[in-house]
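In what follows, a structure is listed as structure tokens, so that the remarks can point back to it.
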Amino acid sequence: MMLSSTVPEAASRLLSFVNASPTPFHAVQTTVQRLEKVGFSKLKESDGWDKLVKPGGKYFFTRNQSTIVAFTTPQNWKQGAGLSIVATHIDSPNLRIRPISKRTKAGYLQVGIETYGGGIWHSWLDRDLSVAGRVITSNGSGEFKSRLIKVDRPILRIPSLAIHLDRGVNDSLKFNQETEFVPILGLISEQLNTTSESPKSSTRDVQASSIANNHHSALLSLLASELSIAPDDIFDFELRVTQLYDNQPSQLGGIANEFVFSPRMDNQFSSFCAVDALIGSLSSNSLLEGNVNCIALFNHEEVGSVSSTGAESNLIPSVLSRLSPTPDLLAQSIASSFLVSCDMGHAIHPNYTNKHEENHQPRINGGVMIKTNAKQRYTSDAIGSFLIKKLVEKKGGKVQEYEARNDMPCGSTVGPSLSTMGLRVVDVGCPMLSMHSIRETAGTSDVQSCIDLFQSLFENFAQLDAKLVAE
């Protein structure tokens, strides 16, 4: 039997997106570049939108460079129109560099880190790690600039302990995340041999000197060289958001290239699909009539979404109110809106089939799954599920169902918090394996299935909703 190894084009585009986006900052930057290339205009939250947003327009805005909202208005758009929204998140569990990261022990240079989110931390052992994030630089004349950095080579590693020194490791792997989970950057002797002594600080170098006291000079020199500046020009770097990332690129896998082996599938997979679908909808009739089409890529979902760039911020309420600026228009808009919260879900695992409820076992490349939970950890109800099934049907796709077992806790995502403003919300996702590992596994065919759902939402929801009577 011959196996097809043809790779869906959408999966290849996903790889490019993820490989360019080791942090939420980079994911937003990559998204902005794609949107501007097809004619989207940037809005500022500090500006008035009354004269800027017009029928037939394409717009986006960012907040703190780490979350983005983009939307298109139909040709017949008027204030009070509904919004068809896809909401995702672009953060993933990772390791963040501490404000004072300089550590040395037993002849090694080490970098202090803090865990972010609920990662499978043992998967970070013995991996080729690098750093990416945001750096604040100064030019000596009082001007400061925020710049993104991505070091494209492995510079860090968290080595595991040899089995000869821990004979029970295969029976029970345990380690202290504070003392036994510290990355090594290099050897002290090498830093002494290669790093020259820093010059005495001038008045303008006080902050730079402070930074030098908190972090290894070799690390600062590397960041400076990546930006083609002097180490003293680094005013600060966003220590809570400059993070370690897996230097191994995302890639296709499986005997027929049916898998994506990659970091950050949760949830850059869904975020990429949202961007791709919004851009793909530009050539459809959705720009002629119907709802405003909108995507929102949030930050901080992995730590609760409670931040100025998370789903519990005022981002979506702000967009709704600015497009419908009176209480009556806002109420009309909310009543006509529909939000699809998309986050990755758990595929049935061949080695742990008993972890799934027997009638709810989503499979990789089986299509988008609807997530339901009676305790409202997910917000899908019968009407929301019906709408998703009809939207998928219009693209010839398939829908899977997911519910957690009663004897296991159920996860959650951005949907429940966004539903509190009165929006109709449904939670969906694509199945994956190894969620929250440094290397996760998703399906290549599911990429297009997810894009198709979102495009169907943008193209068909308003007409479908007009035919739905729910009293």
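We name chains A, B, ... following the order of the structure tokens; residues begin at 1 in each chain, and ligands are numbered from 1 as shown.
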Residues of segment 256-335 of chain A that have any atom at most 7 Å from an atom of segment 436-456 of chain A: could you tabulate them with the shortest-distance atom pair and the distance in Å to one decimal, using only C-alpha atoms, ordered by chain and increasing number, as JSON lines?
{"residue": "A:Glu258", "atom": "CA", "partner": "A:Thr444", "partner_atom": "CA", "distance": 5.3}
{"residue": "A:Phe259", "atom": "CA", "partner": "A:Gly443", "partner_atom": "CA", "distance": 4.6}
{"residue": "A:Val260", "atom": "CA", "partner": "A:Ala442", "partner_atom": "CA", "distance": 5.1}
{"residue": "A:Phe261", "atom": "CA", "partner": "A:Thr441", "partner_atom": "CA", "distance": 4.9}
{"residue": "A:Ser262", "atom": "CA", "partner": "A:Arg439", "partner_atom": "CA", "distance": 5.1}
{"residue": "A:Pro263", "atom": "CA", "partner": "A:Arg439", "partner_atom": "CA", "distance": 4.6}
{"residue": "A:Met265", "atom": "CA", "partner": "A:Glu440", "partner_atom": "CA", "distance": 6.4}
{"residue": "A:Cys273", "atom": "CA", "partner": "A:Ile451", "partner_atom": "CA", "distance": 5.0}
{"residue": "A:Ala274", "atom": "CA", "partner": "A:Phe454", "partner_atom": "CA", "distance": 6.6}
{"residue": "A:Asp276", "atom": "CA", "partner": "A:Ile451", "partner_atom": "CA", "distance": 6.7}
{"residue": "A:Ala277", "atom": "CA", "partner": "A:Gln455", "partner_atom": "CA", "distance": 5.1}
{"residue": "A:Leu278", "atom": "CA", "partner": "A:Gln455", "partner_atom": "CA", "distance": 6.8}
{"residue": "A:Ser281", "atom": "CA", "partner": "A:Gln455", "partner_atom": "CA", "distance": 5.9}
Could the residues in this selection be saved with N, CA and C atoms as a PDB file, in the first residue's frame?
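After the write, out-v5.pdb holds the following:
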ATOM      1  N   GLU A 258       1.721  13.084   8.516  1.00  0.00           N
ATOM      2  CA  GLU A 258       0.403  13.407   9.055  1.00  0.00           C
ATOM      3  C   GLU A 258       0.464  14.200  10.352  1.00  0.00           C
ATOM      4  N   PHE A 259       1.663  14.378  10.909  1.00  0.00           N
ATOM      5  CA  PHE A 259       1.810  15.065  12.184  1.00  0.00           C
ATOM      6  C   PHE A 259       2.619  16.353  12.045  1.00  0.00           C
ATOM      7  N   VAL A 260       2.391  17.255  12.973  1.00  0.00           N
ATOM      8  CA  VAL A 260       3.256  18.412  13.187  1.00  0.00           C
ATOM      9  C   VAL A 260       3.928  18.203  14.530  1.00  0.00           C
ATOM     10  N   PHE A 261       5.253  18.085  14.540  1.00  0.00           N
ATOM     11  CA  PHE A 261       6.029  17.972  15.770  1.00  0.00           C
ATOM     12  C   PHE A 261       6.586  19.364  16.074  1.00  0.00           C
ATOM     13  N   SER A 262       6.186  19.946  17.186  1.00  0.00           N
ATOM     14  CA  SER A 262       6.466  21.373  17.329  1.00  0.00           C
ATOM     15  C   SER A 262       6.287  21.843  18.766  1.00  0.00           C
ATOM     16  N   PRO A 263       6.981  22.909  19.147  1.00  0.00           N
ATOM     17  CA  PRO A 263       6.607  23.616  20.378  1.00  0.00           C
ATOM     18  C   PRO A 263       5.400  24.504  20.120  1.00  0.00           C
ATOM     19  N   MET A 265       2.210  24.419  20.005  1.00  0.00           N
ATOM     20  CA  MET A 265       0.969  24.134  19.288  1.00  0.00           C
ATOM     21  C   MET A 265      -0.224  24.660  20.073  1.00  0.00           C
ATOM     22  N   CYS A 273      -4.407  29.813  12.546  1.00  0.00           N
ATOM     23  CA  CYS A 273      -5.604  29.523  11.747  1.00  0.00           C
ATOM     24  C   CYS A 273      -6.556  30.720  11.726  1.00  0.00           C
ATOM     25  N   ALA A 274      -6.660  31.428  12.852  1.00  0.00           N
ATOM     26  CA  ALA A 274      -7.523  32.606  12.908  1.00  0.00           C
ATOM     27  C   ALA A 274      -7.034  33.690  11.953  1.00  0.00           C
ATOM     28  N   ASP A 276      -5.042  33.294   9.335  1.00  0.00           N
ATOM     29  CA  ASP A 276      -5.144  32.801   7.966  1.00  0.00           C
ATOM     30  C   ASP A 276      -6.577  32.904   7.448  1.00  0.00           C
ATOM     31  N   ALA A 277      -7.542  32.567   8.305  1.00  0.00           N
ATOM     32  CA  ALA A 277      -8.947  32.606   7.890  1.00  0.00           C
ATOM     33  C   ALA A 277      -9.432  34.029   7.655  1.00  0.00           C
ATOM     34  N   LEU A 278      -9.025  34.964   8.517  1.00  0.00           N
ATOM     35  CA  LEU A 278      -9.453  36.349   8.339  1.00  0.00           C
ATOM     36  C   LEU A 278      -8.929  36.900   7.019  1.00  0.00           C
ATOM     37  N   SER A 281     -10.773  35.363   4.102  1.00  0.00           N
ATOM     38  CA  SER A 281     -12.153  35.808   3.928  1.00  0.00           C
ATOM     39  C   SER A 281     -12.260  37.116   3.150  1.00  0.00           C
TER      40      SER A 281
END
Mind checking which residues fall within 6 Å of segment 405-415 of chain A, counting only C-alpha atoms, ignoring those fewer than 2 positions away in the same chain, and posting them as a compact mmCIF listing (two decimals) with N, CA, C and O atoms, in the first residue's frame?
# COMPACT_ATOMS: atom_id res chain seq x y z
N ALA A 311 -7.61 37.67 28.25
CA ALA A 311 -9.01 37.61 27.84
C ALA A 311 -9.94 38.30 28.83
O ALA A 311 -11.07 38.68 28.48
N SER A 341 -14.37 30.49 20.72
CA SER A 341 -13.14 30.38 21.51
C SER A 341 -12.43 29.10 21.08
O SER A 341 -12.98 28.01 21.24
N GLU A 357 -13.24 9.76 28.22
CA GLU A 357 -14.58 9.19 28.34
C GLU A 357 -14.84 8.33 27.10
O GLU A 357 -14.48 8.73 25.99
N ARG A 377 -16.81 24.86 32.56
CA ARG A 377 -15.40 25.06 32.26
C ARG A 377 -15.24 25.38 30.78
O ARG A 377 -14.29 26.02 30.36
N SER A 417 -14.71 33.33 30.38
CA SER A 417 -14.58 34.73 30.81
C SER A 417 -15.16 35.69 29.78
O SER A 417 -15.76 36.71 30.13
N LEU A 418 -15.02 35.37 28.50
CA LEU A 418 -15.55 36.25 27.45
C LEU A 418 -17.07 36.18 27.36
O LEU A 418 -17.71 37.11 26.87
(message) Can you pull out the residues contacting Asn64 of chain A? Cut-off 9 Å, using only C-alpha atoms, and skip same-chain residues under 3 positions away; I want them as number ranges by chain.
(response) A: 25, 67, 308-309
(message) Excluding segment 211-214 of chain A and its own-chain neighbours fewer than 5 positions away, which residues fall within 8 Å of it when counting only C-alpha atoms? Please give them as a ChimeraX atom specification.
(response) /A:99-102,220,235-236
Once you have the residues from the selection above, write them out as a compact mmCIF listing (two decimals), in the first residue's frame, restricted to N, CA, C and O atoms.
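In the end it all went to selection.txt:
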# COMPACT_ATOMS: atom_id res chain seq x y z
N PRO A 99 14.54 38.52 37.17
CA PRO A 99 15.09 39.89 37.19
C PRO A 99 16.57 39.93 37.58
O PRO A 99 17.32 40.77 37.09
N ILE A 100 16.97 39.04 38.47
CA ILE A 100 18.39 38.86 38.79
C ILE A 100 18.71 37.41 38.46
O ILE A 100 18.39 36.50 39.22
N SER A 101 19.31 37.20 37.31
CA SER A 101 19.47 35.83 36.81
C SER A 101 20.87 35.27 36.99
O SER A 101 21.10 34.09 36.76
N LYS A 102 21.82 36.13 37.39
CA LYS A 102 23.22 35.69 37.44
C LYS A 102 23.41 34.65 38.55
O LYS A 102 23.17 34.93 39.74
N LEU A 220 24.65 39.34 28.29
CA LEU A 220 24.37 40.69 27.82
C LEU A 220 25.12 41.00 26.53
O LEU A 220 24.59 41.64 25.62
N PHE A 235 19.33 49.18 28.01
CA PHE A 235 18.80 49.84 29.21
C PHE A 235 18.14 48.82 30.13
O PHE A 235 18.25 48.87 31.33
N ASP A 236 17.43 47.89 29.53
CA ASP A 236 16.75 46.85 30.30
C ASP A 236 16.28 45.80 29.31
O ASP A 236 16.19 46.05 28.12
(message) I'd like to know which of A:Glu393, A:Glu301, A:Glu312, A:Asp427 is closest to Val340 of chain A, using only C-alpha atoms.
(response) A:Asp427
(request) Could you tell me, as number ranges by chain, which residues of segment 100-341 of chain A DSSP assigns to alpha helix (DSSP H) when given the backbone? (result) A: 188-194, 206-214, 217-227, 265-280, 315-323, 327-335
Between segment 222-339 of chain A and segment 112-122 of chain A, at 12 Å or less, what are the per-residue closest atom pairs and their distances in Å? Count only C-alpha atoms, order by chain and rising residue number, and return it as CSV.
residue,atom,partner,partner_atom,distance
A:Leu239,CA,A:Ile113,CA,9.5
A:Arg240,CA,A:Glu114,CA,8.5
A:Val241,CA,A:Tyr116,CA,9.6
A:Thr242,CA,A:Ile113,CA,10.1
A:Gln243,CA,A:Ile113,CA,8.6
A:Leu244,CA,A:Ile113,CA,8.8
A:Pro263,CA,A:Gly119,CA,11.6
A:Arg264,CA,A:Gly119,CA,11.0
A:Asp266,CA,A:Gly119,CA,11.1
A:Asn299,CA,A:Gly117,CA,11.8
A:His300,CA,A:Gly117,CA,8.7
A:Glu301,CA,A:Gly117,CA,8.6
A:Glu302,CA,A:Gly117,CA,5.0
A:Val303,CA,A:Gly117,CA,5.4
A:Gly304,CA,A:Gly117,CA,8.9
A:Ser305,CA,A:Gly117,CA,11.1
Residue selection dump (all heavy atoms) as a short mmCIF file (atom, residue, chain, number, x, y, z; two decimals), in the first residue's frame:
data_model
loop_
_atom_site.label_atom_id
_atom_site.label_comp_id
_atom_site.auth_asym_id
_atom_site.auth_seq_id
_atom_site.Cartn_x
_atom_site.Cartn_y
_atom_site.Cartn_z
N LEU A 239 12.51 41.05 31.59
CA LEU A 239 12.93 39.83 32.23
C LEU A 239 11.78 38.86 32.45
O LEU A 239 11.96 37.66 32.40
CB LEU A 239 13.59 40.19 33.57
CG LEU A 239 14.76 41.17 33.34
CD1 LEU A 239 14.99 42.04 34.53
CD2 LEU A 239 16.00 40.41 32.99
N ARG A 240 10.60 39.39 32.70
CA ARG A 240 9.46 38.52 32.93
C ARG A 240 8.90 37.97 31.62
O ARG A 240 8.06 37.10 31.65
CB ARG A 240 8.36 39.29 33.67
CG ARG A 240 8.77 39.69 35.08
CD ARG A 240 8.86 38.48 35.99
NE ARG A 240 9.35 38.84 37.31
CZ ARG A 240 9.45 37.99 38.33
NH1 ARG A 240 9.10 36.74 38.16
NH2 ARG A 240 9.90 38.39 39.49
N VAL A 241 9.33 38.51 30.50
CA VAL A 241 8.82 38.01 29.24
C VAL A 241 9.92 37.59 28.28
O VAL A 241 9.64 37.10 27.20
CB VAL A 241 7.91 39.05 28.55
CG1 VAL A 241 6.63 39.22 29.33
CG2 VAL A 241 8.61 40.39 28.40
N THR A 242 11.19 37.81 28.65
CA THR A 242 12.27 37.24 27.87
C THR A 242 12.39 35.79 28.30
O THR A 242 12.61 35.50 29.47
CB THR A 242 13.59 37.99 28.10
OG1 THR A 242 13.44 39.34 27.64
CG2 THR A 242 14.71 37.33 27.34
N GLN A 243 12.20 34.88 27.38
CA GLN A 243 12.01 33.50 27.78
C GLN A 243 12.92 32.56 27.03
O GLN A 243 13.49 32.90 25.99
CB GLN A 243 10.55 33.10 27.52
CG GLN A 243 10.12 33.18 26.07
CD GLN A 243 8.62 33.04 25.91
OE1 GLN A 243 7.85 33.81 26.47
NE2 GLN A 243 8.20 32.05 25.14
N LEU A 244 13.05 31.38 27.56
CA LEU A 244 13.77 30.33 26.89
C LEU A 244 12.83 29.65 25.89
O LEU A 244 11.62 29.59 26.11
CB LEU A 244 14.28 29.30 27.90
CG LEU A 244 15.59 29.62 28.64
CD1 LEU A 244 15.50 30.93 29.40
CD2 LEU A 244 15.94 28.48 29.59
N PRO A 263 6.98 22.91 19.15
CA PRO A 263 6.61 23.62 20.38
C PRO A 263 5.40 24.50 20.12
O PRO A 263 5.05 24.79 18.97
CB PRO A 263 7.85 24.46 20.67
CG PRO A 263 8.43 24.74 19.32
CD PRO A 263 8.15 23.51 18.49
N ARG A 264 4.74 24.90 21.18
CA ARG A 264 3.73 25.97 21.18
C ARG A 264 2.50 25.70 20.30
O ARG A 264 1.82 26.64 19.88
CB ARG A 264 4.38 27.30 20.78
CG ARG A 264 5.52 27.72 21.69
CD ARG A 264 6.10 29.06 21.30
NE ARG A 264 6.67 29.07 19.96
CZ ARG A 264 7.87 28.60 19.64
NH1 ARG A 264 8.64 28.07 20.56
NH2 ARG A 264 8.31 28.65 18.40
N ASP A 266 -0.16 24.54 21.38
CA ASP A 266 -1.13 25.15 22.29
C ASP A 266 -0.58 26.53 22.67
O ASP A 266 0.29 26.62 23.54
CB ASP A 266 -1.32 24.26 23.52
CG ASP A 266 -2.21 24.87 24.57
OD1 ASP A 266 -3.01 25.77 24.23
OD2 ASP A 266 -2.11 24.47 25.74
N ASN A 299 -2.95 37.21 25.30
CA ASN A 299 -1.80 36.77 26.08
C ASN A 299 -2.28 36.25 27.44
O ASN A 299 -3.44 36.42 27.82
CB ASN A 299 -0.84 37.96 26.26
CG ASN A 299 0.56 37.53 26.71
OD1 ASN A 299 0.89 36.34 26.76
ND2 ASN A 299 1.38 38.50 27.05
N HIS A 300 -1.41 35.58 28.15
CA HIS A 300 -1.58 35.22 29.57
C HIS A 300 -2.70 34.22 29.86
O HIS A 300 -3.12 34.10 31.01
CB HIS A 300 -1.77 36.49 30.42
CG HIS A 300 -0.58 37.38 30.43
ND1 HIS A 300 -0.67 38.76 30.44
CD2 HIS A 300 0.75 37.10 30.40
CE1 HIS A 300 0.54 39.29 30.43
NE2 HIS A 300 1.42 38.29 30.40
N GLU A 301 -3.16 33.47 28.85
CA GLU A 301 -4.17 32.45 29.13
C GLU A 301 -3.62 31.36 30.03
O GLU A 301 -4.33 30.82 30.89
CB GLU A 301 -4.67 31.84 27.82
CG GLU A 301 -5.86 30.91 27.96
CD GLU A 301 -5.49 29.47 28.27
OE1 GLU A 301 -4.29 29.09 28.15
OE2 GLU A 301 -6.40 28.68 28.63
N GLU A 302 -2.35 31.04 29.86
CA GLU A 302 -1.75 29.95 30.63
C GLU A 302 -1.58 30.28 32.11
O GLU A 302 -1.28 29.39 32.91
CB GLU A 302 -0.39 29.57 30.03
CG GLU A 302 -0.45 29.05 28.60
CD GLU A 302 -1.15 27.71 28.47
OE1 GLU A 302 -1.54 27.14 29.50
OE2 GLU A 302 -1.32 27.24 27.33
N VAL A 303 -1.78 31.53 32.48
CA VAL A 303 -1.69 31.91 33.90
C VAL A 303 -2.96 32.60 34.37
O VAL A 303 -2.95 33.34 35.36
CB VAL A 303 -0.45 32.81 34.16
CG1 VAL A 303 0.83 32.00 34.01
CG2 VAL A 303 -0.42 34.01 33.23
N GLY A 304 -4.08 32.35 33.67
CA GLY A 304 -5.35 32.83 34.19
C GLY A 304 -6.03 33.94 33.42
O GLY A 304 -7.17 34.30 33.74
N SER A 305 -5.36 34.55 32.45
CA SER A 305 -5.96 35.58 31.58
C SER A 305 -6.23 36.91 32.27
O SER A 305 -6.81 37.80 31.66
CB SER A 305 -7.28 35.07 30.95
OG SER A 305 -7.06 33.99 30.09
#
Counting only C-alpha atoms, what is within 10 Å of Ile158 of chain A, bar same-chain residues fewer than 2 positions away, as a PDB file with N, CA, C and O atoms, in the first residue's frame?
ATOM      1  N   GLN A 110      25.251  29.885  35.310  1.00  0.00           N
ATOM      2  CA  GLN A 110      23.860  29.474  35.288  1.00  0.00           C
ATOM      3  C   GLN A 110      22.953  30.691  35.160  1.00  0.00           C
ATOM      4  O   GLN A 110      23.354  31.816  35.477  1.00  0.00           O
ATOM      5  N   HIS A 122       9.695  18.234  32.904  1.00  0.00           N
ATOM      6  CA  HIS A 122      10.785  17.294  32.611  1.00  0.00           C
ATOM      7  C   HIS A 122      11.085  17.231  31.118  1.00  0.00           C
ATOM      8  O   HIS A 122      12.182  16.819  30.707  1.00  0.00           O
ATOM      9  N   TRP A 124      11.693  19.642  29.319  1.00  0.00           N
ATOM     10  CA  TRP A 124      12.676  20.681  29.034  1.00  0.00           C
ATOM     11  C   TRP A 124      14.103  20.227  29.336  1.00  0.00           C
ATOM     12  O   TRP A 124      15.064  20.930  29.003  1.00  0.00           O
ATOM     13  N   LEU A 125      14.257  19.076  29.954  1.00  0.00           N
ATOM     14  CA  LEU A 125      15.596  18.582  30.262  1.00  0.00           C
ATOM     15  C   LEU A 125      16.305  18.138  28.983  1.00  0.00           C
ATOM     16  O   LEU A 125      15.698  17.541  28.088  1.00  0.00           O
ATOM     17  N   ASP A 126      17.589  18.416  28.907  1.00  0.00           N
ATOM     18  CA  ASP A 126      18.444  17.954  27.803  1.00  0.00           C
ATOM     19  C   ASP A 126      17.972  18.445  26.431  1.00  0.00           C
ATOM     20  O   ASP A 126      18.135  17.760  25.422  1.00  0.00           O
ATOM     21  N   ARG A 127      17.358  19.610  26.403  1.00  0.00           N
ATOM     22  CA  ARG A 127      16.941  20.215  25.137  1.00  0.00           C
ATOM     23  C   ARG A 127      17.883  21.363  24.776  1.00  0.00           C
ATOM     24  O   ARG A 127      18.473  22.013  25.648  1.00  0.00           O
ATOM     25  N   ASP A 128      18.014  21.620  23.480  1.00  0.00           N
ATOM     26  CA  ASP A 128      18.797  22.763  23.012  1.00  0.00           C
ATOM     27  C   ASP A 128      17.936  24.014  23.157  1.00  0.00           C
ATOM     28  O   ASP A 128      16.976  24.209  22.408  1.00  0.00           O
ATOM     29  N   LEU A 129      18.294  24.880  24.099  1.00  0.00           N
ATOM     30  CA  LEU A 129      17.476  26.036  24.433  1.00  0.00           C
ATOM     31  C   LEU A 129      18.160  27.330  24.017  1.00  0.00           C
ATOM     32  O   LEU A 129      19.390  27.441  24.038  1.00  0.00           O
ATOM     33  N   LEU A 156      21.702  27.440  25.910  1.00  0.00           N
ATOM     34  CA  LEU A 156      21.381  26.999  27.263  1.00  0.00           C
ATOM     35  C   LEU A 156      20.949  25.538  27.257  1.00  0.00           C
ATOM     36  O   LEU A 156      20.446  25.021  26.253  1.00  0.00           O
ATOM     37  N   SER A 160      20.026  16.663  32.609  1.00  0.00           N
ATOM     38  CA  SER A 160      19.484  15.701  33.570  1.00  0.00           C
ATOM     39  C   SER A 160      20.636  15.033  34.331  1.00  0.00           C
ATOM     40  O   SER A 160      21.802  15.162  33.957  1.00  0.00           O
ATOM     41  N   LEU A 161      20.288  14.333  35.365  1.00  0.00           N
ATOM     42  CA  LEU A 161      21.281  13.630  36.174  1.00  0.00           C
ATOM     43  C   LEU A 161      21.477  12.226  35.613  1.00  0.00           C
ATOM     44  O   LEU A 161      20.512  11.528  35.305  1.00  0.00           O
ATOM     45  N   GLU A 180      17.163  22.204  41.145  1.00  0.00           N
ATOM     46  CA  GLU A 180      17.622  21.167  40.226  1.00  0.00           C
ATOM     47  C   GLU A 180      17.122  21.385  38.798  1.00  0.00           C
ATOM     48  O   GLU A 180      17.147  20.478  37.979  1.00  0.00           O
ATOM     49  N   PHE A 181      16.692  22.591  38.529  1.00  0.00           N
ATOM     50  CA  PHE A 181      16.093  22.912  37.222  1.00  0.00           C
ATOM     51  C   PHE A 181      16.638  24.254  36.740  1.00  0.00           C
ATOM     52  O   PHE A 181      15.912  25.102  36.245  1.00  0.00           O
ATOM     53  N   VAL A 182      17.949  24.417  36.873  1.00  0.00           N
ATOM     54  CA  VAL A 182      18.601  25.688  36.532  1.00  0.00           C
ATOM     55  C   VAL A 182      19.451  25.487  35.274  1.00  0.00           C
ATOM     56  O   VAL A 182      20.334  24.634  35.256  1.00  0.00           O
ATOM     57  N   PRO A 183      19.207  26.261  34.224  1.00  0.00           N
ATOM     58  CA  PRO A 183      19.975  26.094  32.979  1.00  0.00           C
ATOM     59  C   PRO A 183      21.436  26.493  33.145  1.00  0.00           C
ATOM     60  O   PRO A 183      21.765  27.396  33.930  1.00  0.00           O
ATOM     61  N   ILE A 184      22.297  25.820  32.390  1.00  0.00           N
ATOM     62  CA  ILE A 184      23.700  26.235  32.335  1.00  0.00           C
ATOM     63  C   ILE A 184      23.926  27.023  31.044  1.00  0.00           C
ATOM     64  O   ILE A 184      23.413  26.675  29.981  1.00  0.00           O
ATOM     65  N   LEU A 185      24.685  28.095  31.165  1.00  0.00           N
ATOM     66  CA  LEU A 185      24.987  28.984  30.037  1.00  0.00           C
ATOM     67  C   LEU A 185      26.384  28.715  29.481  1.00  0.00           C
ATOM     68  O   LEU A 185      26.633  28.928  28.297  1.00  0.00           O
TER      69      LEU A 185
END
(request) May I ask which of the residues A:Gln79, A:Ser270, A:Ser225, A:Thr379 is the closest one to Pro327 of chain A, counting only C-alpha atoms? (result) A:Gln79
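Comparing the minimum interatomic distances between Tyr245 of chain A and each of A:Asn170, A:Asn19, A:Gln400, A:Thr137, counting only C-alpha atoms, we find that A:Asn19 sits nearest.
You can rank A:Arg34, A:Lys395, A:Lys390, A:His215 by their closest distance to Arg98 of chain A using only C-alpha atoms, and at the top of that list sits A:His215.
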(message) Could you tell me how far atom CA of Leu222 of chain A sits from atom CA of Glu178 of chain A, in Å to one decimal place?
(response) 25.3 Å
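Nearest to Arg96 of chain A of all the residues A:Val131, A:Leu109, A:Met435, A:Leu288 is A:Val131, based on only C-alpha atoms.
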(request) Pick out each residue of segment 239-421 of chain A that DSSP on the backbone tags as strand (DSSP E or B); I need them as a PyMOL selection string. (result) chain A and resi 243-246+251-253+259-262+292-298+338-342+345-346+368-371+399-402
